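Reproduced below: coords_23.cif, with mmCIF, C-alpha atoms.
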```cif
data_my_file
#
loop_
_atom_site.group_PDB
_atom_site.id
_atom_site.type_symbol
_atom_site.label_atom_id
_atom_site.label_comp_id
_atom_site.auth_asym_id
_atom_site.auth_seq_id
_atom_site.Cartn_x
_atom_site.Cartn_y
_atom_site.Cartn_z
ATOM 1 C CA MET A 181 55.769 145.908 71.117
ATOM 2 C CA THR A 182 56.476 148.442 73.816
ATOM 3 C CA PRO A 183 57.496 147.681 77.379
ATOM 4 C CA GLN A 184 53.966 148.590 78.451
ATOM 5 C CA ASP A 185 52.523 145.931 76.120
ATOM 6 C CA GLU A 186 54.550 143.084 77.583
ATOM 7 C CA ALA A 187 52.781 140.673 79.873
ATOM 8 C CA PRO A 188 53.546 141.286 83.529
ATOM 9 C CA GLN A 189 56.246 138.996 84.811
ATOM 10 C CA ALA A 190 55.771 137.052 87.974
ATOM 11 C CA PRO A 191 58.242 138.027 90.674
ATOM 12 C CA ALA A 192 61.252 135.741 90.799
ATOM 13 C CA ASP A 193 60.568 132.920 93.223
ATOM 14 C CA GLU A 194 63.234 133.249 95.865
ATOM 15 C CA HIS A 195 62.643 129.612 96.839
ATOM 16 C CA ALA A 196 62.862 128.155 93.331
ATOM 17 C CA ASP A 197 66.156 126.431 94.168
ATOM 18 C CA LEU A 198 64.354 124.416 96.852
ATOM 19 C CA TRP A 199 62.523 122.403 94.186
ATOM 20 C CA LEU A 200 63.822 120.163 91.441
ATOM 21 C CA ALA A 201 63.061 121.099 87.850
ATOM 22 C CA PRO A 202 60.846 118.554 86.044
ATOM 23 C CA GLY A 203 63.810 116.879 84.267
ATOM 24 C CA GLU A 204 65.819 116.784 87.502
ATOM 25 C CA LEU A 205 62.867 115.260 89.343
ATOM 26 C CA THR A 206 62.394 112.558 86.724
ATOM 27 C CA SER A 207 66.093 111.633 86.874
ATOM 28 C CA TRP A 208 66.174 111.741 90.676
ATOM 29 C CA LEU A 209 63.139 109.460 90.975
ATOM 30 C CA SER A 210 64.818 106.967 88.619
ATOM 31 C CA VAL A 211 67.910 107.004 90.852
ATOM 32 C CA VAL A 212 65.743 106.473 93.959
ATOM 33 C CA ARG A 213 63.983 103.502 92.349
ATOM 34 C CA LEU A 214 67.373 102.056 91.329
ATOM 35 C CA MET A 215 68.791 102.494 94.854
ATOM 36 C CA THR A 216 65.775 100.668 96.269
ATOM 37 C CA ARG A 217 65.186 97.947 93.715
ATOM 38 C CA LEU A 218 68.722 96.916 92.731
ATOM 39 C CA PRO A 219 69.808 95.891 96.253
ATOM 40 C CA TRP A 220 66.451 94.112 96.719
ATOM 41 C CA ALA A 221 66.879 92.218 93.424
ATOM 42 C CA ILE A 222 70.461 91.205 94.222
ATOM 43 C CA ASP A 223 69.565 90.215 97.780
ATOM 44 C CA THR A 224 66.669 88.108 96.483
ATOM 45 C CA GLN A 225 68.934 86.302 93.988
ATOM 46 C CA LEU A 226 71.583 85.599 96.623
ATOM 47 C CA GLN A 227 69.013 84.370 99.161
ATOM 48 C CA ARG A 228 67.402 82.093 96.576
ATOM 49 C CA ASP A 229 70.568 80.699 95.003
ATOM 50 C CA ALA A 230 73.091 80.755 97.866
ATOM 51 C CA ASP A 231 71.200 81.260 101.143
ATOM 52 C CA LEU A 232 73.217 84.458 101.719
ATOM 53 C CA SER A 233 72.133 88.064 102.079
ATOM 54 C CA MET A 234 73.843 90.701 99.957
ATOM 55 C CA VAL A 235 75.785 92.038 102.962
ATOM 56 C CA GLU A 236 76.849 88.504 103.924
ATOM 57 C CA TYR A 237 78.094 87.923 100.367
ATOM 58 C CA MET A 238 79.892 91.288 100.400
ATOM 59 C CA THR A 239 81.510 90.403 103.722
ATOM 60 C CA LEU A 240 82.773 87.056 102.454
ATOM 61 C CA ALA A 241 83.988 88.674 99.218
ATOM 62 C CA MET A 242 85.853 91.460 101.033
ATOM 63 C CA LEU A 243 87.495 88.972 103.373
ATOM 64 C CA SER A 244 88.505 86.825 100.389
ATOM 65 C CA GLU A 245 90.380 89.803 98.904
ATOM 66 C CA ALA A 246 92.117 90.773 102.160
ATOM 67 C CA PRO A 247 95.620 89.628 103.097
ATOM 68 C CA GLU A 248 95.377 86.329 104.964
ATOM 69 C CA TRP A 249 91.583 86.560 104.496
ATOM 70 C CA THR A 250 91.496 88.841 107.563
ATOM 71 C CA LEU A 251 90.063 92.309 108.221
ATOM 72 C CA ARG A 252 89.357 94.321 111.335
ATOM 73 C CA MET A 253 85.658 94.394 112.068
ATOM 74 C CA SER A 254 85.713 98.213 112.007
ATOM 75 C CA VAL A 255 87.178 98.206 108.477
ATOM 76 C CA LEU A 256 84.664 95.588 107.372
ATOM 77 C CA ALA A 257 81.812 97.653 108.791
ATOM 78 C CA GLU A 258 82.979 100.713 106.893
ATOM 79 C CA ASN A 259 83.505 98.779 103.655
ATOM 80 C CA THR A 260 80.039 97.198 103.828
ATOM 81 C CA SER A 261 78.350 100.456 104.894
ATOM 82 C CA THR A 262 77.063 98.692 107.980
ATOM 83 C CA SER A 263 77.156 99.751 111.608
ATOM 84 C CA LEU A 264 79.644 97.872 113.753
ATOM 85 C CA SER A 265 76.783 96.561 115.892
ATOM 86 C CA ARG A 266 74.828 95.252 112.902
ATOM 87 C CA LEU A 267 77.982 93.768 111.365
ATOM 88 C CA SER A 268 78.791 92.038 114.635
ATOM 89 C CA HIS A 269 75.385 90.297 114.648
ATOM 90 C CA MET A 270 75.757 89.312 110.998
ATOM 91 C CA VAL A 271 79.309 87.979 111.484
ATOM 92 C CA LYS A 272 78.059 85.994 114.474
ATOM 93 C CA ARG A 273 75.549 84.296 112.127
ATOM 94 C CA LEU A 274 78.334 83.612 109.596
ATOM 95 C CA GLU A 275 80.444 82.244 112.445
ATOM 96 C CA SER A 276 77.672 79.853 113.490
ATOM 97 C CA ARG A 277 77.615 78.511 109.911
ATOM 98 C CA GLY A 278 81.381 77.932 109.962
ATOM 99 C CA TYR A 279 82.170 80.592 107.337
ATOM 100 C CA VAL A 280 84.229 82.989 109.494
ATOM 101 C CA ARG A 281 85.740 83.302 112.936
ATOM 102 C CA ARG A 282 86.498 86.306 115.074
ATOM 103 C CA GLU A 283 89.549 86.818 117.230
ATOM 104 C CA PRO A 284 91.369 89.704 118.873
ATOM 105 C CA ASP A 285 93.742 91.578 116.576
ATOM 106 C CA PRO A 286 97.252 90.409 117.569
ATOM 107 C CA ALA A 287 98.648 93.874 116.725
ATOM 108 C CA ASP A 288 96.156 95.645 119.000
ATOM 109 C CA GLY A 289 93.869 93.617 121.255
ATOM 110 C CA ARG A 290 91.347 96.457 121.431
ATOM 111 C CA PHE A 291 90.246 95.471 117.921
ATOM 112 C CA THR A 292 88.589 92.305 116.654
ATOM 113 C CA ASN A 293 89.435 90.665 113.353
ATOM 114 C CA ALA A 294 87.078 88.719 111.128
ATOM 115 C CA ILE A 295 88.782 85.819 109.376
ATOM 116 C CA LEU A 296 87.380 83.956 106.392
ATOM 117 C CA LEU A 297 87.552 80.177 106.851
ATOM 118 C CA PRO A 298 87.967 77.648 104.003
ATOM 119 C CA VAL A 299 84.279 76.651 104.285
ATOM 120 C CA GLY A 300 83.341 80.329 103.858
ATOM 121 C CA MET A 301 85.602 80.609 100.827
ATOM 122 C CA GLY A 302 83.915 77.536 99.400
ATOM 123 C CA LYS A 303 80.508 79.114 99.996
ATOM 124 C CA LEU A 304 81.623 82.297 98.249
ATOM 125 C CA GLU A 305 83.056 80.347 95.311
ATOM 126 C CA SER A 306 79.836 78.361 94.910
ATOM 127 C CA ALA A 307 77.677 81.517 95.120
ATOM 128 C CA ALA A 308 79.787 83.660 92.791
ATOM 129 C CA PRO A 309 78.903 82.236 89.337
ATOM 130 C CA ALA A 310 75.138 82.777 89.649
ATOM 131 C CA HIS A 311 75.660 86.124 91.382
ATOM 132 C CA VAL A 312 78.056 87.417 88.723
ATOM 133 C CA ALA A 313 75.730 86.209 85.957
ATOM 134 C CA TYR A 314 72.841 88.095 87.569
ATOM 135 C CA VAL A 315 74.892 91.291 88.009
ATOM 136 C CA ARG A 316 75.933 91.000 84.364
ATOM 137 C CA HIS A 317 72.297 90.540 83.316
ATOM 138 C CA LEU A 318 70.990 93.478 85.341
ATOM 139 C CA VAL A 319 73.796 96.012 84.969
ATOM 140 C CA VAL A 320 76.956 95.170 83.043
ATOM 141 C CA ASP A 321 75.419 93.763 79.843
ATOM 142 C CA ASN A 322 72.715 96.438 79.898
ATOM 143 C CA LEU A 323 75.249 99.253 79.352
ATOM 144 C CA SER A 324 77.979 99.887 76.819
ATOM 145 C CA GLY A 325 81.511 99.764 78.183
ATOM 146 C CA GLU A 326 81.684 103.553 78.082
ATOM 147 C CA ARG A 327 78.342 104.031 79.852
ATOM 148 C CA LEU A 328 79.326 101.519 82.526
ATOM 149 C CA ARG A 329 82.644 103.323 83.030
ATOM 150 C CA ARG A 330 80.823 106.668 83.316
ATOM 151 C CA LEU A 331 78.265 105.203 85.720
ATOM 152 C CA GLY A 332 81.108 103.979 87.913
ATOM 153 C CA GLN A 333 82.774 107.398 87.788
ATOM 154 C CA ASP A 334 79.503 109.168 88.601
ATOM 155 C CA ALA A 335 78.873 106.797 91.502
ATOM 156 C CA GLU A 336 82.374 107.529 92.850
ATOM 157 C CA ARG A 337 81.785 111.281 92.600
ATOM 158 C CA ILE A 338 78.576 110.969 94.611
ATOM 159 C CA LEU A 339 80.252 108.697 97.171
ATOM 160 C CA GLN A 340 83.090 111.184 97.590
ATOM 161 C CA ARG A 341 80.525 113.921 98.270
ATOM 162 C CA ILE A 342 78.767 111.695 100.810
ATOM 163 C CA ASP A 343 82.073 110.866 102.521
ATOM 164 C CA SER A 344 83.393 114.434 102.521
ATOM 165 C CA PRO A 345 83.520 116.170 105.904
ATOM 166 C CA ALA A 346 81.400 119.038 104.535
ATOM 167 C CA CYS A 347 78.255 116.859 104.403
#
```
In structure tokens, how does this file's structure come out?
Amino acid sequence: MTPQDEAPQAPADEHADLWLAPGELTSWLSVVRLMTRLPWAIDTQLQRDADLSMVEYMTLAMLSEAPEWTLRMSVLAENTSTSLSRLSHMVKRLESRGYVRREPDPADGRFTNAILLPVGMGKLESAAPAHVAYVRHLVVDNLSGERLRRLGQDAERILQRIDSPAC
């Protein structure tokens, strides 16, 4: 076959990198469905079994792990990926249920602390068994230990990219 016999080649598409290849698209769409459906499924379980939203549960859990069950609202907002305004409304609801209280930070009165109360700890402890069982069912038991470890590492890599100043 001579060069003249070869089929003409289409010019290289200078915008090809703007589109995902078929395999990339399939994987990306699976990730999008997971990002949408997993939080919905977990939120539904928590609402049904504990009368808590996922972010309320996360807030109680993060406070339970903090020294003296206390965190600055700004730290809590960052850790729950929630705006300070939205967190403030949510914590107000938790406060009205007797689960937390807010008070000025004694180290710097410009900040407000959220403090987990014993009733809130009790709520978290009563919600945790069904929640953990559901997370195990959906995610943990569905993957080998190695795949779960790699998923966690991959998630961290993506989060680091999201949180990097270059984004």
Who sits within 8 Å of range 299-308 of chain A, all atoms listed in the file, same chain under 6 positions skipped, as a list in words: Leu226, Asp229, Ala230, Tyr237, Leu240, Ala241, Ser244, Gly278, Tyr279 and Val280 of chain A
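Among the candidate residues A:Val212, A:Asn259, A:Pro284, A:Pro219, the one lying nearest to Leu318 in chain A is A:Pro219, with distances computed using all atoms listed in the file.
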Near range 326-343 of chain A, 12 Å: range 217-322 of chain A residue rows, closest pairs, all atoms listed in the file, as a tab-separated table:
```
residue	atom	partner	partner_atom	distance
A:Glu258	CA	A:Asp343	CA	11.1
A:Ser261	CA	A:Asp343	CA	11.3
A:Arg316	CA	A:Leu328	CA	11.2
A:Leu318	CA	A:Leu328	CA	11.9
A:Val319	CA	A:Leu328	CA	8.2
A:Val320	CA	A:Leu328	CA	6.8
A:Asp321	CA	A:Leu328	CA	9.1
A:Asn322	CA	A:Leu328	CA	8.7
```
Output of the PyMOL selection byres ((chain A and resi 268) around 12), listed as a ChimeraX atom specification: /A:236,239,252-254,256-257,262-267,269-275,280-282,292-294
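A straight line drawn from CA of Arg290 in chain A to CA of Val235 in chain A is 24.6 Å long.
Residue nearest Ala313 in chain A within the list A:Ile222, A:Ala246, A:Leu232, A:Leu198: A:Ile222 [criterion: smallest interatomic distance, only C-alpha atoms].
What separates CA of Asp231 in chain A from CA of Arg277 in chain A is a distance of 11.2 Å.
The gap separating CA of Leu243 in chain A from CA of Thr260 in chain A is 11.1 Å, in Å to one decimal.
For the residues A:Leu200, A:Pro298, A:Leu209, A:Arg228, ranking by smallest atom-to-atom distance to Glu248 in chain A using only C-alpha atoms places A:Pro298 first.
Nearest to Thr250 in chain A of all the residues A:Gly325, A:Pro286, A:Gly203, A:Pro309 is A:Pro286, counting all atoms listed in the file.
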Assuming the input is short of atoms at range 206-225 of chain A, produce N, CA, C and O atoms for that part as a PDB file, in the coordinates of the input.
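The result, written out as out.pdb:
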```
ATOM      1  N   THR A 206      62.522 113.840  87.413  1.00  0.00           N
ATOM      2  CA  THR A 206      62.394 112.558  86.724  1.00  0.00           C
ATOM      3  C   THR A 206      63.658 111.720  86.904  1.00  0.00           C
ATOM      4  O   THR A 206      63.594 110.533  87.231  1.00  0.00           O
ATOM      5  N   SER A 207      64.824 112.348  86.711  1.00  0.00           N
ATOM      6  CA  SER A 207      66.093 111.633  86.874  1.00  0.00           C
ATOM      7  C   SER A 207      66.286 111.192  88.316  1.00  0.00           C
ATOM      8  O   SER A 207      66.705 110.054  88.579  1.00  0.00           O
ATOM      9  N   TRP A 208      65.997 112.071  89.263  1.00  0.00           N
ATOM     10  CA  TRP A 208      66.174 111.741  90.676  1.00  0.00           C
ATOM     11  C   TRP A 208      65.293 110.562  91.071  1.00  0.00           C
ATOM     12  O   TRP A 208      65.734 109.641  91.766  1.00  0.00           O
ATOM     13  N   LEU A 209      64.042 110.560  90.625  1.00  0.00           N
ATOM     14  CA  LEU A 209      63.139 109.460  90.975  1.00  0.00           C
ATOM     15  C   LEU A 209      63.621 108.133  90.384  1.00  0.00           C
ATOM     16  O   LEU A 209      63.470 107.084  91.000  1.00  0.00           O
ATOM     17  N   SER A 210      64.229 108.186  89.195  1.00  0.00           N
ATOM     18  CA  SER A 210      64.818 106.967  88.619  1.00  0.00           C
ATOM     19  C   SER A 210      65.964 106.472  89.489  1.00  0.00           C
ATOM     20  O   SER A 210      66.105 105.262  89.723  1.00  0.00           O
ATOM     21  N   VAL A 211      66.801 107.379  89.973  1.00  0.00           N
ATOM     22  CA  VAL A 211      67.910 107.004  90.852  1.00  0.00           C
ATOM     23  C   VAL A 211      67.373 106.394  92.145  1.00  0.00           C
ATOM     24  O   VAL A 211      67.871 105.368  92.620  1.00  0.00           O
ATOM     25  N   VAL A 212      66.332 106.992  92.720  1.00  0.00           N
ATOM     26  CA  VAL A 212      65.743 106.473  93.959  1.00  0.00           C
ATOM     27  C   VAL A 212      65.207 105.060  93.738  1.00  0.00           C
ATOM     28  O   VAL A 212      65.442 104.161  94.552  1.00  0.00           O
ATOM     29  N   ARG A 213      64.499 104.852  92.634  1.00  0.00           N
ATOM     30  CA  ARG A 213      63.983 103.502  92.349  1.00  0.00           C
ATOM     31  C   ARG A 213      65.139 102.516  92.184  1.00  0.00           C
ATOM     32  O   ARG A 213      65.079 101.386  92.672  1.00  0.00           O
ATOM     33  N   LEU A 214      66.208 102.926  91.511  1.00  0.00           N
ATOM     34  CA  LEU A 214      67.373 102.056  91.329  1.00  0.00           C
ATOM     35  C   LEU A 214      68.008 101.714  92.673  1.00  0.00           C
ATOM     36  O   LEU A 214      68.328 100.551  92.940  1.00  0.00           O
ATOM     37  N   MET A 215      68.174 102.731  93.539  1.00  0.00           N
ATOM     38  CA  MET A 215      68.791 102.494  94.854  1.00  0.00           C
ATOM     39  C   MET A 215      67.948 101.547  95.699  1.00  0.00           C
ATOM     40  O   MET A 215      68.480 100.820  96.537  1.00  0.00           O
ATOM     41  N   THR A 216      66.669 101.531  95.497  1.00  0.00           N
ATOM     42  CA  THR A 216      65.775 100.668  96.269  1.00  0.00           C
ATOM     43  C   THR A 216      65.679  99.276  95.657  1.00  0.00           C
ATOM     44  O   THR A 216      65.803  98.273  96.357  1.00  0.00           O
ATOM     45  N   ARG A 217      65.487  99.221  94.358  1.00  0.00           N
ATOM     46  CA  ARG A 217      65.186  97.947  93.715  1.00  0.00           C
ATOM     47  C   ARG A 217      66.413  97.103  93.397  1.00  0.00           C
ATOM     48  O   ARG A 217      66.337  95.871  93.437  1.00  0.00           O
ATOM     49  N   LEU A 218      67.539  97.709  93.064  1.00  0.00           N
ATOM     50  CA  LEU A 218      68.722  96.916  92.731  1.00  0.00           C
ATOM     51  C   LEU A 218      69.212  96.106  93.931  1.00  0.00           C
ATOM     52  O   LEU A 218      69.422  94.890  93.807  1.00  0.00           O
ATOM     53  N   PRO A 219      69.398  96.718  95.106  1.00  0.00           N
ATOM     54  CA  PRO A 219      69.808  95.891  96.253  1.00  0.00           C
ATOM     55  C   PRO A 219      68.787  94.795  96.582  1.00  0.00           C
ATOM     56  O   PRO A 219      69.162  93.669  96.914  1.00  0.00           O
ATOM     57  N   TRP A 220      67.495  95.110  96.458  1.00  0.00           N
ATOM     58  CA  TRP A 220      66.451  94.112  96.719  1.00  0.00           C
ATOM     59  C   TRP A 220      66.583  92.953  95.731  1.00  0.00           C
ATOM     60  O   TRP A 220      66.543  91.779  96.127  1.00  0.00           O
ATOM     61  N   ALA A 221      66.773  93.267  94.442  1.00  0.00           N
ATOM     62  CA  ALA A 221      66.879  92.218  93.424  1.00  0.00           C
ATOM     63  C   ALA A 221      68.108  91.346  93.669  1.00  0.00           C
ATOM     64  O   ALA A 221      68.034  90.112  93.587  1.00  0.00           O
ATOM     65  N   ILE A 222      69.230  91.970  93.978  1.00  0.00           N
ATOM     66  CA  ILE A 222      70.461  91.205  94.222  1.00  0.00           C
ATOM     67  C   ILE A 222      70.329  90.369  95.490  1.00  0.00           C
ATOM     68  O   ILE A 222      70.721  89.201  95.524  1.00  0.00           O
ATOM     69  N   ASP A 223      69.758  90.957  96.535  1.00  0.00           N
ATOM     70  CA  ASP A 223      69.565  90.215  97.780  1.00  0.00           C
ATOM     71  C   ASP A 223      68.655  89.009  97.545  1.00  0.00           C
ATOM     72  O   ASP A 223      68.926  87.910  98.047  1.00  0.00           O
ATOM     73  N   THR A 224      67.597  89.196  96.777  1.00  0.00           N
ATOM     74  CA  THR A 224      66.669  88.108  96.483  1.00  0.00           C
ATOM     75  C   THR A 224      67.373  86.970  95.745  1.00  0.00           C
ATOM     76  O   THR A 224      67.198  85.791  96.071  1.00  0.00           O
ATOM     77  N   GLN A 225      68.199  87.326  94.742  1.00  0.00           N
ATOM     78  CA  GLN A 225      68.934  86.302  93.988  1.00  0.00           C
ATOM     79  C   GLN A 225      69.881  85.540  94.901  1.00  0.00           C
ATOM     80  O   GLN A 225      69.948  84.313  94.855  1.00  0.00           O
TER      81      GLN A 225
END
```
